Amino acid sequence: MHRRYTLPSTSRGVMRRVQARCIIVLLMAGLMLSMTAVAHAASQRTAFLDAVSRFKKVGASSSLAQRRDMWKDVHSRFRRVLNMNPGSGYGPKSLYYMARCYEELAERSWLKSDAREAVDAFQRAVNHFPARHSWVDDCLYRKAALSYSRLGDAAGARSDLERLLRSYPRGDYAGRAKKLLAEVKKKAPAVTRPAPTKSVSMSSSVLRREYTRAVDRFKALQRDRRAQRDDFLRLAREFNRLSRVRGGGVYAARSAYFEGYTYDELGRRSGRRDDSRLAAEKYQRAHDMFDEDDSWRDDALFRKGEVEYTALGDENQAYADLLRLVRDYPKGDRYADAKRLLRKMDHARVTSKPKAKKKPAATAAAPADSGDTARLVNIRHRSGDDFTRVVLDMDRSVKFEDHSLPPDPSHNKPHRMFIDLEGTRLAPDLAARVSVKDGILSGVRAGQNDVKTARVVLDFQRLNKYHLFTLENPFRIVIDVFAEQRAAGAAPVKKTKWPKMPDANHKPTTKDKQVAKDVLAQLGMTIGTIMIDAGHGGKDPGALDYVYYKDKRGRKKRRIRTMEKDVTLSLARILGAKLQSRGFRVLYTRTGDTKVQLEDRAMAANIKKADLFISLHCNANRRSSVRGFETYYLGKARNDIVLRLAAKENDVDPMRISDTQKIVMDLVHSFKIRESKVLAQHVQKNCVTTLKRKYKGVRDHGARSAPFFVLIGARMPAILVETGYITNPTEVQWLRSKDYLNRVADGIVKGVEAYRKELAQVGP
């Protein structure tokens, strides 16, 4: 038997009152949350309208619209609106206006970087707008117009315009899209991807075998931390060749993928943006080549997005690619990685609020930049008759881009080029303008283009050819500007009545010989002044010779016995005295233990109008058995040994010495390469012959070409003499001997005289 218990009436009343109060509390909490959400939405709407108002105000003012900082300020306002709530309706609209800001900047600056930022932001806005939103056709049209007119991407513009007309046939921009598409089709090739090489015929079995070999080579390069740049480039070309095989199927597509992977690995080692850009392009091509259901397709897209985000800093394009991966490949093995990277990017955007400005300390003023910001500390220049060298001294290595601009008569601006230094600020004591006025340049200007970018502008007096290269320890950017080559009849020349040709038995008179000498002098084919360059110096000791010993406790120690800088200075003094005794005028880049920058050595010879430039050095190798005598002239290195030597003398990473090779090949017609080769051959031959008369075992390594920075810019025949290996126990004893240095100097003098004799073959 069960008993039934009931609450007293008073208890039931209490329970009902408690329930009623809970319901009221819940209703009030919900009301407060909804009011907070409404207030937050209202604040985002207010901020968005304020930003739009500012955008219109800047665009309507001719003075404000010319200022880059104004558009940057408007851009930051829309970014703050986006960060309030990226998922609201104002999020994609803010992205649209952020793109419009860079579009306005691109219209005025003509910088491709601004156009790329605008294109990427328009694409990101398209990805965030709901399907069929009325603003999407606006984004697609503006993106296509910029891609076509500013970036030269006709294929991308065509794809966007076709998508616009397909999805929005009656949209506001349909008419303009049709006109632009017709123009793109008329002027652009029909293919969507460039095909720089012809397709290759190959059987499937051969393709598979060569693909496997190439992949094995790639894995070996990944393990080899000392692999050269050329090794990666050769392998990339091999993968490109295999990807062009007609009907290659999956192995052709995988070859395209590994081509991108090769450039990706090269970019990680070199730090060069152009390598990473190529990697992104090749990954995109591989993605397009794979079949829709191929499991490698999402890998290619993920790696492209990763390169864009980590190496290129192109967050917008990376975000768009990763969103595409998540949308199109939800079952792919890269889905989780893409989601993780997207969350990381979203978190970084939301938390990247501007930091409050800290008050400066009462003592010394602290630097305004962070530890990752580089400084442009000095701008130097030296000028010759037809050649000017400008050097930008940095406190660390930076990435940079150079651009040339046509003259602007309306603003009285000449031809000019500028360099944008990323992550760089100007030193406080740096002069904003350096006057040059040497007939080639009128001046050099430096300014802070934005918070993170410094800009250096070179004003040309007329359109001139220029070349850039970098030096390290410390990092410098060198710009060589060449005067226009005057045509043979450019200068006013009086008409001369030429005498009749003498007969074969005619003997030249003293006057005839003097005329011949004058002609040779005007052609730069006489030798009167020689510049001797003693390599290294000051804080740069060059190659070193160590002697080993044991201390009192029996521990193995070493000390420096011989320094390259001392050997070269001693040899320079001996050689100078011998040349002066034979009637030559001798100049020196250094006469004491001082450091002279590489870029200033050949330039000094240009300014002093020297007829020859001879740079003296000692060689070194990790293997002490290596020995020999060799002479170099400017040109491309023919083997890895010469490359490593050039890296040592240039004081650069061996991985980056291949970049110097490209610079040298660009300059090979600017300097007297052929004459330098002849001089190097004469000096090498006479030095080896002279040394072999006393020293046994002298090895003749011949006259070779190599990309030595110290020879770049010399306007006269220039050579670099490696007098022996300071790391070889036999040759270092020779280098420490005055007799050996005297014989080396004798050989160089004989080589110079043999070269002068070859030039002087005019008349008896």
# chains A, B, ... in the order shown; residues from 1 in each chain; ligands from 1
$ select_by_dssp --residues "region 18-193 of chain A" --states "alpha helix (DSSP H)" --output "ChimeraX atom specification"
/A:18-60,68-84,90-109,112-128,136-149,154-167,174-187
$ write_last_selection --atoms "C-alpha atoms" --output "short mmCIF file (atom, residue, chain, number, x, y, z; two decimals), in the first residue's frame"
data_model
loop_
_atom_site.label_atom_id
_atom_site.label_comp_id
_atom_site.auth_asym_id
_atom_site.auth_seq_id
_atom_site.Cartn_x
_atom_site.Cartn_y
_atom_site.Cartn_z
CA VAL A 18 10.02 31.39 -7.24
CA GLN A 19 9.22 30.14 -10.76
CA ALA A 20 7.69 33.49 -11.68
CA ARG A 21 10.77 35.35 -10.45
CA CYS A 22 13.10 33.06 -12.47
CA ILE A 23 11.10 33.68 -15.61
CA ILE A 24 11.28 37.43 -15.04
CA VAL A 25 15.06 37.28 -14.49
CA LEU A 26 15.53 35.27 -17.69
CA LEU A 27 13.38 37.70 -19.68
CA MET A 28 15.35 40.65 -18.36
CA ALA A 29 18.68 38.97 -19.18
CA GLY A 30 17.53 38.23 -22.72
CA LEU A 31 16.30 41.79 -23.09
CA MET A 32 19.66 43.16 -21.91
CA LEU A 33 21.60 40.90 -24.30
CA SER A 34 19.43 41.93 -27.21
CA MET A 35 19.84 45.59 -26.27
CA THR A 36 23.65 45.09 -26.11
CA ALA A 37 23.67 43.42 -29.53
CA VAL A 38 21.54 46.23 -30.94
CA ALA A 39 23.86 48.82 -29.39
CA HIS A 40 26.93 47.02 -30.79
CA ALA A 41 25.33 46.82 -34.23
CA ALA A 42 24.39 50.49 -33.98
CA SER A 43 27.97 51.42 -33.05
CA GLN A 44 29.32 49.40 -36.00
CA ARG A 45 26.80 51.07 -38.30
CA THR A 46 27.78 54.50 -36.98
CA ALA A 47 31.49 53.73 -37.43
CA PHE A 48 30.83 52.45 -40.96
CA LEU A 49 28.89 55.58 -41.95
CA ASP A 50 31.61 57.79 -40.48
CA ALA A 51 34.25 55.91 -42.48
CA VAL A 52 32.19 56.22 -45.69
CA SER A 53 31.81 59.95 -45.05
CA ARG A 54 35.57 60.26 -44.61
CA PHE A 55 36.16 58.27 -47.81
CA LYS A 56 33.94 60.66 -49.78
CA LYS A 57 35.56 63.72 -48.20
CA VAL A 58 39.09 62.62 -49.10
CA GLY A 59 38.04 61.66 -52.63
CA ALA A 60 36.30 65.01 -53.19
CA ARG A 68 48.92 58.69 -49.26
CA ASP A 69 48.49 59.00 -45.49
CA MET A 70 44.90 60.18 -45.95
CA TRP A 71 43.90 57.03 -47.84
CA LYS A 72 45.80 54.91 -45.31
CA ASP A 73 43.80 56.56 -42.53
CA VAL A 74 40.51 55.83 -44.30
CA HIS A 75 41.64 52.24 -44.86
CA SER A 76 42.37 51.82 -41.13
CA ARG A 77 38.88 53.17 -40.27
CA PHE A 78 37.21 50.49 -42.38
CA ARG A 79 39.53 47.86 -40.89
CA ARG A 80 38.32 48.84 -37.41
CA VAL A 81 34.72 48.49 -38.59
CA LEU A 82 35.53 45.03 -39.96
CA ASN A 83 37.13 43.95 -36.68
CA MET A 84 34.01 44.92 -34.68
CA TYR A 90 29.10 45.64 -42.66
CA GLY A 91 32.07 43.24 -42.80
CA PRO A 92 32.15 42.63 -46.58
CA LYS A 93 31.16 46.25 -47.23
CA SER A 94 34.16 47.37 -45.20
CA LEU A 95 36.36 45.04 -47.27
CA TYR A 96 34.94 46.64 -50.42
CA TYR A 97 35.87 50.12 -49.23
CA MET A 98 39.30 48.94 -48.10
CA ALA A 99 39.83 47.78 -51.67
CA ARG A 100 38.56 51.14 -52.95
CA CYS A 101 41.22 52.92 -50.85
CA TYR A 102 44.01 50.94 -52.50
CA GLU A 103 42.34 51.46 -55.87
CA GLU A 104 42.56 55.22 -55.34
CA LEU A 105 46.19 54.89 -54.26
CA ALA A 106 47.01 52.81 -57.35
CA GLU A 107 45.44 55.45 -59.59
CA ARG A 108 47.85 58.05 -58.21
CA SER A 109 51.03 56.15 -57.33
CA LYS A 112 51.86 47.60 -58.71
CA SER A 113 51.87 46.79 -55.01
CA ASP A 114 48.89 49.13 -54.48
CA ALA A 115 47.05 47.56 -57.41
CA ARG A 116 47.71 44.07 -56.02
CA GLU A 117 46.38 45.09 -52.61
CA ALA A 118 43.21 46.44 -54.23
CA VAL A 119 42.70 43.32 -56.37
CA ASP A 120 43.18 41.01 -53.38
CA ALA A 121 40.80 43.02 -51.19
CA PHE A 122 38.10 43.02 -53.90
CA GLN A 123 38.43 39.23 -54.15
CA ARG A 124 38.18 38.89 -50.39
CA ALA A 125 35.03 41.05 -50.41
CA VAL A 126 33.52 38.81 -53.11
CA ASN A 127 34.21 35.78 -50.94
CA HIS A 128 32.46 37.35 -47.93
CA VAL A 136 29.55 41.61 -56.01
CA ASP A 137 29.37 42.73 -59.65
CA ASP A 138 30.96 46.04 -58.62
CA CYS A 139 33.83 44.18 -56.93
CA LEU A 140 34.36 41.86 -59.90
CA TYR A 141 34.40 44.70 -62.44
CA ARG A 142 36.82 46.86 -60.46
CA LYS A 143 39.08 43.87 -59.81
CA ALA A 144 39.11 42.96 -63.53
CA ALA A 145 39.85 46.55 -64.59
CA LEU A 146 42.85 46.77 -62.25
CA SER A 147 44.12 43.31 -63.16
CA TYR A 148 44.04 44.14 -66.85
CA SER A 149 45.22 47.77 -66.91
CA ALA A 154 44.47 39.58 -69.01
CA ALA A 155 43.55 35.98 -68.16
CA GLY A 156 42.44 36.87 -64.64
CA ALA A 157 40.48 39.88 -65.87
CA ARG A 158 38.73 37.78 -68.50
CA SER A 159 37.75 35.16 -65.92
CA ASP A 160 36.26 37.78 -63.58
CA LEU A 161 34.35 39.54 -66.36
CA GLU A 162 32.89 36.29 -67.65
CA ARG A 163 31.79 35.39 -64.13
CA LEU A 164 30.17 38.83 -63.74
CA LEU A 165 28.20 38.51 -66.98
CA ARG A 166 27.20 34.96 -66.16
CA SER A 167 25.96 35.71 -62.64
CA ALA A 174 27.05 44.47 -67.11
CA GLY A 175 27.38 47.04 -69.91
CA ARG A 176 30.85 48.16 -68.89
CA ALA A 177 31.91 44.55 -68.34
CA LYS A 178 30.93 43.65 -71.93
CA LYS A 179 33.02 46.51 -73.35
CA LEU A 180 36.06 45.65 -71.24
CA LEU A 181 35.75 41.94 -72.04
CA ALA A 182 35.70 42.73 -75.76
CA GLU A 183 38.87 44.78 -75.33
CA VAL A 184 40.56 42.03 -73.34
CA LYS A 185 39.67 39.39 -75.94
CA LYS A 186 40.90 41.63 -78.73
CA LYS A 187 44.28 42.44 -77.21
#
$ residues_around --residues "Ala543 (chain A)" --least-positions-apart "3" --cutoff "12 Å" --atoms "only C-alpha atoms" --output "compact mmCIF listing (two decimals) with N, CA, C and O atoms, in the first residue's frame"
# COMPACT_ATOMS: atom_id res chain seq x y z
N GLY A 535 93.92 44.06 -51.46
CA GLY A 535 92.65 43.51 -50.98
C GLY A 535 92.50 43.55 -49.46
O GLY A 535 93.48 43.48 -48.72
N HIS A 536 91.23 43.72 -49.03
CA HIS A 536 90.85 43.71 -47.61
C HIS A 536 91.51 44.90 -46.89
O HIS A 536 91.80 45.91 -47.50
N GLY A 537 91.69 44.80 -45.58
CA GLY A 537 92.27 45.91 -44.82
C GLY A 537 91.40 46.32 -43.66
O GLY A 537 90.19 46.13 -43.65
N ASP A 540 88.74 44.11 -41.77
CA ASP A 540 88.57 42.95 -42.65
C ASP A 540 89.93 42.33 -42.91
O ASP A 540 90.67 42.82 -43.78
N TYR A 546 96.76 30.10 -39.55
CA TYR A 546 96.87 29.86 -38.12
C TYR A 546 98.07 28.96 -37.81
O TYR A 546 98.45 28.10 -38.61
N ILE A 560 96.71 33.56 -34.85
CA ILE A 560 96.87 34.00 -36.24
C ILE A 560 98.33 34.33 -36.50
O ILE A 560 98.96 35.10 -35.74
N ARG A 561 98.87 33.75 -37.56
CA ARG A 561 100.25 34.04 -37.92
C ARG A 561 100.32 34.97 -39.13
O ARG A 561 101.16 35.89 -39.16
N THR A 562 99.46 34.76 -40.13
CA THR A 562 99.51 35.55 -41.36
C THR A 562 98.11 35.98 -41.74
O THR A 562 97.17 35.17 -41.70
N MET A 563 97.97 37.25 -42.11
CA MET A 563 96.69 37.78 -42.57
C MET A 563 96.82 38.25 -44.01
O MET A 563 97.82 38.86 -44.39
N GLU A 564 95.78 37.94 -44.78
CA GLU A 564 95.78 38.32 -46.20
C GLU A 564 95.99 39.81 -46.39
O GLU A 564 96.69 40.24 -47.31
N LYS A 565 95.38 40.63 -45.55
CA LYS A 565 95.48 42.08 -45.73
C LYS A 565 96.92 42.57 -45.64
O LYS A 565 97.30 43.55 -46.32
N ASP A 566 97.76 41.90 -44.82
CA ASP A 566 99.16 42.30 -44.69
C ASP A 566 99.97 41.89 -45.92
O ASP A 566 100.82 42.64 -46.41
N VAL A 567 99.69 40.68 -46.43
CA VAL A 567 100.41 40.19 -47.62
C VAL A 567 100.10 41.08 -48.82
O VAL A 567 101.01 41.49 -49.57
N THR A 568 98.83 41.40 -49.02
CA THR A 568 98.45 42.20 -50.20
C THR A 568 99.01 43.62 -50.12
O THR A 568 99.40 44.19 -51.14
N HIS A 617 95.14 39.70 -54.11
CA HIS A 617 94.49 38.88 -53.08
C HIS A 617 95.28 37.60 -52.84
O HIS A 617 96.16 37.23 -53.63
N CYS A 618 94.94 36.91 -51.73
CA CYS A 618 95.42 35.56 -51.45
C CYS A 618 94.22 34.63 -51.39
O CYS A 618 93.15 35.03 -50.92
N ASN A 619 94.40 33.42 -51.85
CA ASN A 619 93.30 32.46 -51.90
C ASN A 619 93.24 31.64 -50.61
O ASN A 619 94.17 31.67 -49.80
N ALA A 620 92.15 30.91 -50.44
CA ALA A 620 91.99 30.04 -49.27
C ALA A 620 91.06 28.90 -49.62
O ALA A 620 90.21 29.02 -50.49
N ASN A 621 91.24 27.77 -48.91
CA ASN A 621 90.39 26.61 -49.13
C ASN A 621 90.38 25.78 -47.85
O ASN A 621 91.36 25.76 -47.11
N ARG A 622 89.25 25.10 -47.60
CA ARG A 622 89.17 24.27 -46.41
C ARG A 622 90.13 23.09 -46.46
O ARG A 622 90.54 22.56 -45.44
N LEU A 645 85.01 30.86 -54.32
CA LEU A 645 86.02 31.91 -54.17
C LEU A 645 85.38 33.29 -54.29
O LEU A 645 85.67 34.20 -53.51
N LYS A 648 83.64 34.20 -51.20
CA LYS A 648 84.57 34.63 -50.15
C LYS A 648 85.02 36.06 -50.36
O LYS A 648 84.98 36.89 -49.43
N GLU A 649 85.44 36.41 -51.57
CA GLU A 649 85.93 37.75 -51.83
C GLU A 649 84.81 38.79 -51.77
O GLU A 649 85.04 39.94 -51.40
N ASP A 651 82.24 38.49 -49.85
CA ASP A 651 81.71 38.46 -48.49
C ASP A 651 80.20 38.26 -48.49
O ASP A 651 79.45 38.97 -47.83
N GLU A 722 95.06 36.27 -57.67
CA GLU A 722 95.13 35.42 -56.48
C GLU A 722 96.54 34.84 -56.43
O GLU A 722 96.89 33.94 -57.18
N GLY A 724 98.28 33.06 -54.34
CA GLY A 724 98.59 31.77 -53.74
C GLY A 724 97.62 31.48 -52.62
O GLY A 724 96.85 32.35 -52.19
N TYR A 725 97.66 30.23 -52.15
CA TYR A 725 96.73 29.80 -51.10
C TYR A 725 97.38 29.97 -49.73
O TYR A 725 98.36 29.29 -49.40
N ILE A 726 96.78 30.84 -48.92
CA ILE A 726 97.31 31.10 -47.59
C ILE A 726 97.04 29.93 -46.65
O ILE A 726 97.64 29.81 -45.58
N THR A 727 96.14 29.04 -47.07
CA THR A 727 95.81 27.85 -46.26
C THR A 727 96.67 26.65 -46.62
O THR A 727 96.55 25.60 -45.98
N ASN A 728 97.52 26.78 -47.64
CA ASN A 728 98.42 25.69 -48.01
C ASN A 728 99.76 25.88 -47.28
O ASN A 728 100.34 26.97 -47.34
N VAL A 732 101.91 29.30 -48.09
CA VAL A 732 101.88 30.37 -47.09
C VAL A 732 103.31 30.78 -46.72
O VAL A 732 103.57 31.96 -46.42
$ residues_around --residues "region 525-529 of chain A" --least-positions-apart "4" --cutoff "12 Å" --atoms "only C-alpha atoms" --output "number ranges by chain"
A: 516-521, 576, 579-580, 582-588, 605-606, 608-614, 672, 675, 679, 716-717, 752-762
$ atom_distance --atom1 "CA of Ser205 (chain A)" --atom2 "CA of Val245 (chain A)"
12.1 Å
$ residues_around --residues "Met417 (chain A)" --least-positions-apart "2" --cutoff "7 Å" --atoms "only C-alpha atoms" --output "PyMOL selection string"
chain A and resi 403-405+457-459
$ atom_distance --atom1 "CA of Ala483 (chain A)" --atom2 "CA of Asp386 (chain A)"
4.8 Å
$ atom_distance --atom1 "CA of Asp291 (chain A)" --atom2 "CA of Gly305 (chain A)"
19.6 Å
$ residues_around --residues "Leu634 (chain A)" --least-positions-apart "4" --cutoff "6 Å" --atoms "only C-alpha atoms" --output "PyMOL selection string"
chain A and resi 705-707
